[in-house]
Amino acid sequence: TLEPGHLRGQGGVAEDDVRTACEPEALKRAFLDHLLYTQGKTLEIASHNDIYLAVAYTVRDRLLRRWSHTSSRHKRHGTRTVAYLSAEFLIGPSLGNNLLNLDITDALRETLARLGIDLDELVRREVEPGLGNGGLGRLAACFMDSLATGEIPAIGYGIYYEYGIFFQTVVDGWQVENTDKWLRFGNPWAIHHPEWGVEVKLGGYTEHYTDDVGRFRVRWVPEKTVWGTPFDTPVAGYKVSTVNTLRLWRAEATEEFDFSVFNRGDYLGAVNKKVTSENLTKVLYPNDESHQGKELRLEQQYFFVACALRDMLRILEHRGLPVTEFPRAFAVQLNDTHPAIGVAELMRLLIDEYLVPWEQAWEATRATFAYTNHTLLPEALERWPLELFKSVLPRHLEIIYEINRRFLNEARIRFFGDESRVFRLSLIDESGERYVRMAHLACVGSHAINGVAELHSTLIKEQLLPDFYAMWPEKFDSVTNGVTPRRWVVLSNPGLAALATEALGDEHWIRDWPRIAGLEKHADDAAFIERWQRVKHTNKRSLAALIRDETGVVVNPDSLFDVLVKRIHEYKRQHLAVLHIVTRYHRLKTQRATDMVPRTFIFGGKAAPGYVRAKLMIKLITAVADVVNSDPEVRDLLKVVFLPNFSVSKGQCIYPAAELSEQISLAGKEASGTGNMKFAMNGALTIGTMDGANIEICQEVGAENFFAFGMSADEAQRLLRSGYYPRDLYRDDAELRAAIDLIRGGFFSRGDAGLFEPLTNDLLNEDRYMLLADYASYVECQDRVDAAYRDARQWSRMAVLNCARSGRFSSDRSIAEYARRMWHTSALPDTGHGG
Ligand code: CBF
């Protein structure tokens, strides 16, 4: 029988065990209980989603005991907690990850199989939370995994968006944005805690007054208030007892109705306020790396930061500690400038609400915050028009003025007589319309500032914030990004994981990724290489099936899988890859170059909906794909695919199947990249510029196992300074000319010569990202890739070495560096399990 209660009375599963035990019988009973008592279904009538939810609740139960145990342990020991503030957490699907970390995958798979349920199918079809655009949001998710695995007390604070990323489809070659209703069928992982709600003020004005005991005080009279309530998601570490928290805030109206309006009979007007309040956390702006000065965005940023800091104060109070202990209790990391308003908010709380003297409050604030910069692109740097800022956060502007006054006085003394430097350092940009510079606020209010790869950190010091570096060189640091091997190898690439475990003799590499170096000694072992190749081929076949299902294009799993997946952006230069493809096509057509290595070029990535050029780049990729894929002369030698809606789940299928990882940004523009690390871990070879973390990957894996091309950041800047004339390059390079002419002549756009003109004209006239300067080197490098791929054994050897030498790129290492150098916090390991 499949009746949920059938195990009761059999003596097999104690009441308490149904929530915690991990033996097959207990899991079965728990699952059936949830199916009936949570979902209200029996197995006979349960939908796929019912089954998924019942499984998810069964797994969540197993996290909860450990979770509450972790928080009481943190409370008892009072260890400094990391508060990771991020506007995005692109966590990806949870089920597989939680099963892995709890170590119950096999037990549950077996249990469900006996009920006729395929666990792997549930994992594959899980809807992933849309809570971020990409880069820094996915980094935050990897960091949460590593914090929990390293048993470092941590809370991730962010926003519980309803629409945190759009769903991309491709229609007639163009990107179309659709809503991604990820919450439509419920989110079993998050627990809502309205009882920890926080009131957040917005707008209005301030009043300055003297209180009863003669103290100078400021009162913020807001125009409106919204109510923030947290949704908590448990974040389990890999096979440890620690379960940390991801706490995401949703906005609600403080009062359901505006009764004054309601009483006048205006029902719609009365609910309007509620609707506007709730809009605050509905949507994440879809722009990656470009700042839009939108009022709602500022409100969102302040909202979640205000909620987070209030929450930390509540925890402090719960632990019985005075507010002055704040920096000893919390290390707050600002993931880019999006939460930088936290500096002014903590000051406001301390001085206005807790009446801490300014100097003491400032010392505490600086000891609390650390700031990570993720980009050098000027258009991504946040600055808010002063008037807008004042209308949303009047009290914070006053506080920022005061921080600035004191800071600039210090700077004047430090840089005696150098008023221009003081002008450049100011938190307020006064060169034209006045702005609040959020990066400056983050720098002044933090004790540590870091970039996310070595080159990026150097450029921050030399070019982005040189005046701050001159003032406080000791604050500047560098922590190269990392990614979690749990998601990006164990979950994504089970074939490789099994091979690694067998070759290394145990599973320690999963929590200690540098041990993967042990694979190196197998790189010359023919039997190992053969197995490695089989794993890769299986992964390629899975990706080929996904491509066929999603695009209808049939690709050959024996061709070289050459992959470029990331956000679409001019600086990332997807169009350079297209120029290369067109060059290959041109060679095929004109030189009958049939000895070419068969390749499948796979693209994926979203363009910001308002970024016209990026959307045109997608159209260019799909237009070239249409022509090339349908040309019988090309046969299997060239295939081009744009896989829509690149996401964490798609990434899990793509990285393990890739053989060549395209990392082709203009040197000096990509802060780090993290996809480059996922590829390398999964044994793809990189073709890349000396940009971001590519440089470190090249150093680690060895230049002989890396296809480097193009100008260095220095060379690019020098060329720009000495005068860059892309048209000369076009004139002098016949292959380049042919490729550009094919595109601009309308060959890929059914004769519509105007379609791609914005791109080709730009390349010929300005070429801000210097594609033409790197083109020849890129094409030559791609020819070297062909030559290397012809020797399958040697290629696989290089692939093994890429994986084996990727030890540095685990987020466990990044987190250990942050913990030691920025947060001054340590692990709080638990010895027992749960309660
Ligand atoms: O540091 C994480 C990533 O952040 C970005 O995506 C960003 O949002 N600024 C950068 O573009 C990446 O280089 C970086 O890896």
# chains A, B, ... in the order shown; residues from 1 in each chain; ligands from 1
$ residues_near_ligand --ligand "ligand 1" --cutoff "7 Å" --atoms "only C-alpha atoms and all ligand atoms" --output "list in words"
Gly134, Gly135, Leu136, Leu139, Asp288, Glu289, His374, Thr375, Val452, Asn481, Glu670, Ala671, Ser672, Gly673, Thr674 and Gly692 of chain A
$ write_last_selection --atoms "N, CA and C atoms" --output "PDB file, in the first residue's frame"
ATOM      1  N   GLY A 134      23.559  37.532 -13.134  1.00  0.00           N
ATOM      2  CA  GLY A 134      24.712  36.725 -13.548  1.00  0.00           C
ATOM      3  C   GLY A 134      25.870  36.914 -12.605  1.00  0.00           C
ATOM      4  N   GLY A 135      27.016  37.241 -13.153  1.00  0.00           N
ATOM      5  CA  GLY A 135      28.306  37.372 -12.473  1.00  0.00           C
ATOM      6  C   GLY A 135      28.314  37.457 -10.964  1.00  0.00           C
ATOM      7  N   LEU A 136      28.051  38.659 -10.439  1.00  0.00           N
ATOM      8  CA  LEU A 136      28.251  38.808  -8.997  1.00  0.00           C
ATOM      9  C   LEU A 136      27.172  38.094  -8.182  1.00  0.00           C
ATOM     10  N   LEU A 139      28.354  34.538  -8.075  1.00  0.00           N
ATOM     11  CA  LEU A 139      29.493  34.493  -7.153  1.00  0.00           C
ATOM     12  C   LEU A 139      28.989  34.421  -5.714  1.00  0.00           C
ATOM     13  N   ASP A 288      23.027  44.264 -16.585  1.00  0.00           N
ATOM     14  CA  ASP A 288      24.238  43.778 -15.975  1.00  0.00           C
ATOM     15  C   ASP A 288      25.303  44.792 -16.346  1.00  0.00           C
ATOM     16  N   GLU A 289      25.994  45.299 -15.392  1.00  0.00           N
ATOM     17  CA  GLU A 289      27.091  46.218 -15.671  1.00  0.00           C
ATOM     18  C   GLU A 289      26.701  47.489 -16.411  1.00  0.00           C
ATOM     19  N   HIS A 374      33.449  45.016  -8.489  1.00  0.00           N
ATOM     20  CA  HIS A 374      33.355  43.962  -9.504  1.00  0.00           C
ATOM     21  C   HIS A 374      33.500  44.473 -10.926  1.00  0.00           C
ATOM     22  N   THR A 375      33.754  45.748 -11.073  1.00  0.00           N
ATOM     23  CA  THR A 375      33.859  46.235 -12.457  1.00  0.00           C
ATOM     24  C   THR A 375      34.620  47.550 -12.549  1.00  0.00           C
ATOM     25  N   VAL A 452      38.557  41.487  -7.810  1.00  0.00           N
ATOM     26  CA  VAL A 452      38.198  40.072  -7.845  1.00  0.00           C
ATOM     27  C   VAL A 452      39.146  39.205  -8.674  1.00  0.00           C
ATOM     28  N   ASN A 481      38.258  35.561  -7.539  1.00  0.00           N
ATOM     29  CA  ASN A 481      37.008  34.804  -7.412  1.00  0.00           C
ATOM     30  C   ASN A 481      37.254  33.298  -7.441  1.00  0.00           C
ATOM     31  N   GLU A 670      37.240  42.753 -18.352  1.00  0.00           N
ATOM     32  CA  GLU A 670      36.517  41.750 -17.565  1.00  0.00           C
ATOM     33  C   GLU A 670      37.183  41.671 -16.188  1.00  0.00           C
ATOM     34  N   ALA A 671      36.425  42.002 -15.158  1.00  0.00           N
ATOM     35  CA  ALA A 671      37.037  42.046 -13.836  1.00  0.00           C
ATOM     36  C   ALA A 671      37.689  40.708 -13.490  1.00  0.00           C
ATOM     37  N   SER A 672      36.930  39.645 -13.611  1.00  0.00           N
ATOM     38  CA  SER A 672      37.495  38.338 -13.320  1.00  0.00           C
ATOM     39  C   SER A 672      36.965  37.289 -14.285  1.00  0.00           C
ATOM     40  N   GLY A 673      35.631  37.145 -14.259  1.00  0.00           N
ATOM     41  CA  GLY A 673      35.022  36.005 -14.919  1.00  0.00           C
ATOM     42  C   GLY A 673      34.990  34.865 -13.914  1.00  0.00           C
ATOM     43  N   THR A 674      33.949  34.064 -14.000  1.00  0.00           N
ATOM     44  CA  THR A 674      33.887  32.863 -13.166  1.00  0.00           C
ATOM     45  C   THR A 674      33.550  31.660 -14.045  1.00  0.00           C
ATOM     46  N   GLY A 692      41.286  39.610 -16.679  1.00  0.00           N
ATOM     47  CA  GLY A 692      40.656  39.050 -15.482  1.00  0.00           C
ATOM     48  C   GLY A 692      41.386  37.831 -14.960  1.00  0.00           C
TER      49      GLY A 692
END
$ select_by_dssp --residues "region 62-214 of chain A" --states "helix (DSSP H, G or I)" --output "NGL selection string"
:A and (62-77 or 95-102 or 105-114 or 119-125 or 135-149 or 194-196)
$ closest_residue --among "A:Tyr730, A:Tyr302, A:Phe326, A:Phe185" --to "Trp362 (chain A)" --atoms "only C-alpha atoms"
A:Phe326
$ select_by_dssp --residues "region 8-238 of chain A" --states "strand (DSSP E)" --output "PyMOL selection string"
chain A and resi 81-85+154-159+167-171+174-178+191-192+198-202+205-210+216-221+224-236
$ write_last_selection --atoms "N, CA and C atoms" --output "compact mmCIF listing (two decimals), in the first residue's frame"
# COMPACT_ATOMS: atom_id res chain seq x y z
N THR A 81 29.86 36.90 12.84
CA THR A 81 29.08 36.38 11.72
C THR A 81 29.32 37.23 10.48
N VAL A 82 29.50 36.58 9.37
CA VAL A 82 29.65 37.31 8.11
C VAL A 82 28.24 37.63 7.60
N ALA A 83 28.01 38.91 7.33
CA ALA A 83 26.74 39.29 6.69
C ALA A 83 27.10 39.67 5.27
N TYR A 84 26.71 38.84 4.33
CA TYR A 84 27.07 39.07 2.93
C TYR A 84 25.90 39.78 2.24
N LEU A 85 26.09 41.07 1.98
CA LEU A 85 25.00 41.88 1.43
C LEU A 85 25.12 41.92 -0.09
N ALA A 154 27.48 32.63 8.86
CA ALA A 154 27.19 33.61 7.80
C ALA A 154 25.71 33.71 7.51
N ILE A 155 25.30 34.92 7.16
CA ILE A 155 23.94 35.15 6.67
C ILE A 155 24.07 35.93 5.36
N GLY A 156 23.41 35.45 4.33
CA GLY A 156 23.36 36.22 3.09
C GLY A 156 22.10 37.08 3.13
N TYR A 157 22.24 38.36 2.88
CA TYR A 157 21.07 39.26 2.89
C TYR A 157 20.83 39.81 1.49
N GLY A 158 19.58 39.75 1.05
CA GLY A 158 19.27 40.27 -0.27
C GLY A 158 17.78 40.48 -0.44
N ILE A 159 17.31 40.40 -1.67
CA ILE A 159 15.91 40.70 -1.98
C ILE A 159 15.22 39.46 -2.55
N PHE A 167 12.90 35.46 -18.71
CA PHE A 167 13.09 34.19 -19.42
C PHE A 167 13.29 34.54 -20.88
N GLN A 168 14.42 34.11 -21.41
CA GLN A 168 14.76 34.51 -22.78
C GLN A 168 14.29 33.46 -23.80
N THR A 169 13.55 33.93 -24.81
CA THR A 169 13.31 33.06 -25.95
C THR A 169 13.89 33.76 -27.17
N VAL A 170 14.02 33.01 -28.24
CA VAL A 170 14.55 33.61 -29.46
C VAL A 170 13.50 33.43 -30.55
N VAL A 171 13.04 34.54 -31.08
CA VAL A 171 12.00 34.49 -32.11
C VAL A 171 12.55 35.18 -33.36
N TRP A 174 15.74 36.92 -32.88
CA TRP A 174 15.85 38.04 -31.93
C TRP A 174 15.53 37.57 -30.51
N GLN A 175 16.18 38.17 -29.54
CA GLN A 175 15.84 37.88 -28.15
C GLN A 175 14.47 38.46 -27.82
N VAL A 176 13.65 37.64 -27.18
CA VAL A 176 12.38 38.13 -26.65
C VAL A 176 12.40 37.87 -25.16
N GLU A 177 12.02 38.88 -24.37
CA GLU A 177 12.00 38.71 -22.92
C GLU A 177 10.60 38.30 -22.47
N ASN A 178 10.54 37.26 -21.67
CA ASN A 178 9.27 36.80 -21.10
C ASN A 178 9.43 36.80 -19.58
N ILE A 191 11.42 29.77 4.08
CA ILE A 191 10.42 29.87 5.16
C ILE A 191 10.19 31.35 5.46
N HIS A 192 8.94 31.74 5.40
CA HIS A 192 8.59 33.14 5.62
C HIS A 192 8.54 33.43 7.11
N VAL A 198 10.29 44.27 9.49
CA VAL A 198 11.01 45.52 9.78
C VAL A 198 10.31 46.65 9.05
N GLU A 199 10.17 47.79 9.72
CA GLU A 199 9.58 48.94 9.05
C GLU A 199 10.69 49.77 8.41
N VAL A 200 10.51 50.11 7.17
CA VAL A 200 11.54 50.90 6.46
C VAL A 200 10.94 52.22 6.01
N LYS A 201 11.65 53.30 6.34
CA LYS A 201 11.16 54.64 5.95
C LYS A 201 11.71 55.04 4.59
N LEU A 202 10.94 55.83 3.89
CA LEU A 202 11.41 56.36 2.60
C LEU A 202 10.89 57.78 2.40
N TYR A 205 11.29 64.31 4.98
CA TYR A 205 12.23 65.37 5.35
C TYR A 205 12.76 65.09 6.75
N THR A 206 13.69 65.93 7.19
CA THR A 206 14.23 65.74 8.54
C THR A 206 13.90 66.96 9.41
N GLU A 207 13.83 66.74 10.69
CA GLU A 207 13.64 67.84 11.64
C GLU A 207 14.79 67.79 12.64
N HIS A 208 15.36 68.94 12.87
CA HIS A 208 16.46 69.02 13.84
C HIS A 208 15.91 69.67 15.10
N TYR A 209 16.18 69.09 16.22
CA TYR A 209 15.62 69.63 17.46
C TYR A 209 16.52 69.28 18.64
N THR A 210 16.21 69.89 19.77
CA THR A 210 16.95 69.58 20.99
C THR A 210 16.03 68.81 21.91
N PHE A 216 21.32 67.49 20.94
CA PHE A 216 20.97 67.81 19.56
C PHE A 216 20.51 66.53 18.88
N ARG A 217 19.30 66.53 18.31
CA ARG A 217 18.76 65.29 17.73
C ARG A 217 18.21 65.56 16.32
N VAL A 218 18.08 64.51 15.57
CA VAL A 218 17.46 64.63 14.24
C VAL A 218 16.35 63.60 14.14
N ARG A 219 15.23 64.07 13.63
CA ARG A 219 14.10 63.16 13.43
C ARG A 219 13.83 63.06 11.92
N TRP A 220 13.73 61.84 11.42
CA TRP A 220 13.40 61.65 10.00
C TRP A 220 11.90 61.44 9.90
N VAL A 221 11.24 62.38 9.21
CA VAL A 221 9.79 62.26 9.01
C VAL A 221 9.56 61.74 7.59
N LYS A 224 6.71 57.91 3.31
CA LYS A 224 6.00 56.63 3.37
C LYS A 224 6.85 55.62 4.12
N THR A 225 6.20 54.57 4.55
CA THR A 225 6.95 53.46 5.15
C THR A 225 6.51 52.17 4.45
N VAL A 226 7.45 51.25 4.35
CA VAL A 226 7.08 49.92 3.84
C VAL A 226 7.53 48.90 4.87
N TRP A 227 6.93 47.75 4.75
CA TRP A 227 7.19 46.69 5.71
C TRP A 227 8.02 45.62 5.01
N GLY A 228 9.14 45.23 5.60
CA GLY A 228 9.96 44.19 4.99
C GLY A 228 9.90 42.93 5.82
N THR A 229 9.62 41.80 5.17
CA THR A 229 9.64 40.54 5.92
C THR A 229 10.59 39.56 5.24
N PRO A 230 11.28 38.76 6.05
CA PRO A 230 12.29 37.87 5.46
C PRO A 230 11.78 36.50 5.06
N PHE A 231 12.37 35.99 3.99
CA PHE A 231 12.20 34.59 3.57
C PHE A 231 13.56 33.92 3.77
N ASP A 232 13.58 32.93 4.62
CA ASP A 232 14.85 32.29 4.96
C ASP A 232 15.04 30.98 4.21
N THR A 233 16.17 30.86 3.57
CA THR A 233 16.50 29.60 2.89
C THR A 233 17.71 29.00 3.59
N PRO A 234 17.60 27.74 4.01
CA PRO A 234 18.76 27.11 4.64
C PRO A 234 19.85 26.83 3.61
N VAL A 235 21.09 27.09 4.00
CA VAL A 235 22.23 26.81 3.10
C VAL A 235 23.14 25.81 3.81
N ALA A 236 23.06 24.58 3.36
CA ALA A 236 23.82 23.52 4.02
C ALA A 236 25.23 23.45 3.48
$ residues_around --residues "Ala527 (chain A)" --least-positions-apart "6" --cutoff "12 Å" --atoms "only C-alpha atoms" --output "ChimeraX atom specification"
/A:499,503,533-534,793,796-797
$ write_last_selection --atoms "C-alpha atoms" --output "compact mmCIF listing (two decimals), in the first residue's frame"
# COMPACT_ATOMS: atom_id res chain seq x y z
CA LEU A 499 36.50 9.19 -12.26
CA ALA A 503 41.71 7.95 -9.45
CA GLN A 533 37.34 10.90 -23.14
CA ARG A 534 34.34 8.67 -22.59
CA ARG A 793 45.23 11.99 -26.97
CA SER A 796 42.81 15.15 -23.57
CA ARG A 797 46.08 15.26 -21.75
$ residues_around --residues "region 711-714 of chain A" --least-positions-apart "5" --cutoff "10 Å" --atoms "only C-alpha atoms" --output "list of chain:residue names"
A:Leu455, A:Leu459, A:Leu666, A:Ala667, A:Gly668, A:Lys669, A:Thr689, A:Met690, A:Asp691, A:Gly692, A:Ile695, A:Leu719, A:Leu720, A:Met770, A:Ala773, A:Asp774, A:Ser777
$ residues_around --residues "Lys75 (chain A)" --least-positions-apart "2" --cutoff "12 Å" --atoms "only C-alpha atoms" --output "PyMOL selection string"
chain A and resi 68-73+77-81+153+315-321+329+828
$ write_last_selection --atoms "N, CA and C atoms" --output "compact mmCIF listing (two decimals), in the first residue's frame"
# COMPACT_ATOMS: atom_id res chain seq x y z
N SER A 68 18.62 24.93 13.10
CA SER A 68 18.37 25.59 14.39
C SER A 68 19.52 25.31 15.34
N HIS A 69 20.13 24.14 15.20
CA HIS A 69 21.29 23.82 16.02
C HIS A 69 22.43 24.77 15.69
N THR A 70 22.60 25.03 14.39
CA THR A 70 23.66 25.96 13.98
C THR A 70 23.42 27.34 14.58
N SER A 71 22.18 27.83 14.52
CA SER A 71 22.00 29.20 15.04
C SER A 71 22.16 29.25 16.55
N SER A 72 21.76 28.19 17.26
CA SER A 72 21.99 28.30 18.71
C SER A 72 23.48 28.19 19.03
N ARG A 73 24.17 27.40 18.22
CA ARG A 73 25.63 27.29 18.43
C ARG A 73 26.29 28.65 18.17
N HIS A 77 28.35 30.71 21.07
CA HIS A 77 29.78 31.01 20.97
C HIS A 77 30.06 32.46 20.61
N GLY A 78 29.05 33.15 20.13
CA GLY A 78 29.22 34.58 19.81
C GLY A 78 30.30 34.85 18.78
N THR A 79 30.59 33.89 17.93
CA THR A 79 31.61 34.10 16.88
C THR A 79 31.12 35.17 15.90
N ARG A 80 32.07 35.91 15.35
CA ARG A 80 31.70 36.96 14.40
C ARG A 80 31.00 36.34 13.18
N THR A 81 29.86 36.90 12.84
CA THR A 81 29.08 36.38 11.72
C THR A 81 29.32 37.23 10.48
N PRO A 153 30.20 31.09 10.34
CA PRO A 153 28.87 31.64 10.57
C PRO A 153 28.58 32.75 9.56
N ILE A 315 19.44 40.52 16.18
CA ILE A 315 20.24 39.35 16.60
C ILE A 315 21.17 39.73 17.75
N LEU A 316 21.75 40.91 17.61
CA LEU A 316 22.66 41.41 18.66
C LEU A 316 21.93 41.47 20.00
N GLU A 317 20.74 42.03 19.93
CA GLU A 317 19.94 42.17 21.15
C GLU A 317 19.58 40.79 21.71
N HIS A 318 19.23 39.89 20.80
CA HIS A 318 18.89 38.53 21.19
C HIS A 318 20.07 37.84 21.88
N ARG A 319 21.26 38.21 21.44
CA ARG A 319 22.46 37.63 22.06
C ARG A 319 22.85 38.37 23.33
N GLY A 320 22.06 39.41 23.66
CA GLY A 320 22.30 40.17 24.89
C GLY A 320 23.51 41.08 24.80
N LEU A 321 23.82 41.53 23.58
CA LEU A 321 25.01 42.39 23.44
C LEU A 321 24.61 43.83 23.17
N ALA A 329 30.44 41.56 16.39
CA ALA A 329 29.45 40.51 16.09
C ALA A 329 29.29 40.27 14.59
N LEU A 828 33.43 27.76 12.83
CA LEU A 828 32.90 27.25 14.10
C LEU A 828 32.36 25.84 13.82
$ closest_atom_pairs --of "region 436-457 of chain A" --to "region 336-344 of chain A" --cutoff "9 Å" --atoms "only C-alpha atoms" --output "CSV"
residue,atom,partner,partner_atom,distance
A:Met438,CA,A:Thr337,CA,6.0
A:Ala439,CA,A:Thr337,CA,5.8
A:Leu441,CA,A:Ala340,CA,6.8
A:Ala442,CA,A:Ala340,CA,5.3
A:Val444,CA,A:Val343,CA,8.9
A:Gly445,CA,A:Val343,CA,5.8
A:Ser446,CA,A:Val343,CA,8.1
$ closest_residue --among "A:His586, A:Arg599, A:Lys536, A:Arg125" --to "Ala684 (chain A)" --atoms "only C-alpha atoms"
A:Lys536
$ residues_around --residues "region 116-118 of chain A" --least-positions-apart "2" --cutoff "12 Å" --atoms "only C-alpha atoms" --output "JSON list (two decimals) with N, CA and C atoms, in the first residue's frame"
[["chain", "number", "residue", "atom", "x", "y", "z"],
["A", 2, "LEU", "N", 0.31, 2.33, -0.57],
["A", 2, "LEU", "CA", 1.07, 3.58, -0.60],
["A", 2, "LEU", "C", 0.48, 4.61, 0.36],
["A", 28, "LYS", "N", 10.86, 7.31, 2.98],
["A", 28, "LYS", "CA", 9.62, 6.96, 2.30],
["A", 28, "LYS", "C", 8.41, 7.48, 3.08],
["A", 31, "PHE", "N", 8.19, 11.27, 2.90],
["A", 31, "PHE", "CA", 7.72, 11.73, 1.59],
["A", 31, "PHE", "C", 6.20, 11.54, 1.46],
["A", 43, "LEU", "N", -0.41, 9.38, -4.01],
["A", 43, "LEU", "CA", 0.50, 9.20, -5.14],
["A", 43, "LEU", "C", -0.26, 9.03, -6.46],
["A", 44, "GLU", "N", -1.43, 8.39, -6.38],
["A", 44, "GLU", "CA", -2.19, 8.12, -7.60],
["A", 44, "GLU", "C", -2.58, 9.41, -8.32],
["A", 46, "ALA", "N", -1.18, 12.52, -7.63],
["A", 46, "ALA", "CA", -0.22, 13.62, -7.46],
["A", 46, "ALA", "C", 0.34, 14.07, -8.81],
["A", 47, "SER", "N", 0.50, 15.38, -8.94],
["A", 47, "SER", "CA", 1.14, 15.92, -10.15],
["A", 47, "SER", "C", 2.66, 15.87, -9.96],
["A", 48, "HIS", "N", 3.37, 16.16, -11.03],
["A", 48, "HIS", "CA", 4.83, 16.22, -10.93],
["A", 48, "HIS", "C", 5.23, 17.22, -9.84],
["A", 51, "ILE", "N", 4.75, 15.96, -6.30],
["A", 51, "ILE", "CA", 5.81, 15.01, -5.91],
["A", 51, "ILE", "C", 7.10, 15.78, -5.62],
["A", 52, "TYR", "N", 7.40, 16.72, -6.49],
["A", 52, "TYR", "CA", 8.61, 17.53, -6.27],
["A", 52, "TYR", "C", 8.53, 18.23, -4.90],
["A", 54, "ALA", "N", 6.73, 17.49, -2.25],
["A", 54, "ALA", "CA", 6.80, 16.55, -1.13],
["A", 54, "ALA", "C", 8.24, 16.08, -0.91],
["A", 55, "VAL", "N", 8.95, 15.87, -2.00],
["A", 55, "VAL", "CA", 10.36, 15.47, -1.87],
["A", 55, "VAL", "C", 11.16, 16.62, -1.26],
["A", 105, "THR", "N", 21.58, 11.47, -1.37],
["A", 105, "THR", "CA", 21.12, 11.28, -2.76],
["A", 105, "THR", "C", 20.77, 9.81, -3.03],
["A", 106, "ASP", "N", 21.68, 8.92, -2.71],
["A", 106, "ASP", "CA", 21.46, 7.52, -3.08],
["A", 106, "ASP", "C", 20.28, 6.93, -2.32],
["A", 108, "LEU", "N", 17.68, 8.42, -1.10],
["A", 108, "LEU", "CA", 16.40, 8.94, -1.59],
["A", 108, "LEU", "C", 16.09, 8.42, -2.99],
["A", 109, "ARG", "N", 17.13, 8.33, -3.80],
["A", 109, "ARG", "CA", 16.92, 7.82, -5.16],
["A", 109, "ARG", "C", 16.31, 6.42, -5.10],
["A", 110, "GLU", "N", 16.90, 5.60, -4.24],
["A", 110, "GLU", "CA", 16.45, 4.22, -4.09],
["A", 110, "GLU", "C", 15.01, 4.18, -3.56],
["A", 111, "THR", "N", 14.75, 4.99, -2.54],
["A", 111, "THR", "CA", 13.41, 5.04, -1.94],
["A", 111, "THR", "C", 12.36, 5.42, -2.98],
["A", 112, "LEU", "N", 12.65, 6.47, -3.71],
["A", 112, "LEU", "CA", 11.67, 6.96, -4.67],
["A", 112, "LEU", "C", 11.51, 6.00, -5.84],
["A", 113, "ALA", "N", 12.60, 5.38, -6.23],
["A", 113, "ALA", "CA", 12.53, 4.44, -7.35],
["A", 113, "ALA", "C", 11.54, 3.32, -7.00],
["A", 114, "ARG", "N", 11.55, 2.91, -5.74],
["A", 114, "ARG", "CA", 10.62, 1.84, -5.35],
["A", 114, "ARG", "C", 9.16, 2.29, -5.45],
["A", 120, "ASP", "N", 16.22, 11.67, -10.37],
["A", 120, "ASP", "CA", 17.04, 12.47, -11.28],
["A", 120, "ASP", "C", 16.19, 13.36, -12.18],
["A", 121, "GLU", "N", 15.03, 12.84, -12.51],
["A", 121, "GLU", "CA", 14.09, 13.61, -13.33],
["A", 121, "GLU", "C", 13.60, 14.83, -12.53],
["A", 122, "LEU", "N", 13.31, 14.61, -11.24],
["A", 122, "LEU", "CA", 12.87, 15.73, -10.39],
["A", 122, "LEU", "C", 13.97, 16.78, -10.31],
["A", 123, "VAL", "N", 15.19, 16.33, -10.15],
["A", 123, "VAL", "CA", 16.32, 17.26, -10.05],
["A", 123, "VAL", "C", 16.47, 18.03, -11.36],
["A", 124, "ARG", "N", 16.37, 17.30, -12.46],
["A", 124, "ARG", "CA", 16.55, 17.94, -13.78],
["A", 124, "ARG", "C", 15.49, 18.99, -14.06],
["A", 125, "ARG", "N", 14.27, 18.70, -13.62],
["A", 125, "ARG", "CA", 13.17, 19.61, -13.98],
["A", 125, "ARG", "C", 12.91, 20.70, -12.96]]
$ closest_residue --among "A:Leu386, A:Ile403, A:Leu496, A:Ala593" --to "Arg434 (chain A)" --atoms "only C-alpha atoms"
A:Leu386
$ closest_residue --among "A:Leu638, A:Val240, A:Leu763, A:Ala816" --to "Thr480 (chain A)" --atoms "only C-alpha atoms"
A:Ala816
$ atom_distance --atom1 "CA of Arg727 (chain A)" --atom2 "CA of Asn765 (chain A)"
6.6 Å
$ closest_residue --among "A:Pro327, A:Gly807, A:Gly723, A:Gly451" --to "Ala364 (chain A)" --atoms "only C-alpha atoms"
A:Pro327
$ atom_distance --atom1 "CA of His447 (chain A)" --atom2 "CA of Thr484 (chain A)"
26.8 Å
$ closest_residue --among "A:Asp352, A:Val323, A:Asp562, A:Glu162" --to "Tyr285 (chain A)" --atoms "only C-alpha atoms"
A:Glu162
$ residues_around --residues "Ala107 (chain A)" --least-positions-apart "4" --cutoff "12 Å" --atoms "only C-alpha atoms" --output "list in words"
Ala21, Cys22, Glu23, Pro24, Glu25, Ala26, Leu27, Lys28, Val59, Leu99, Leu100, Leu102, Asp103, Thr111, Leu112, Ala113, Arg114 and Leu119 of chain A
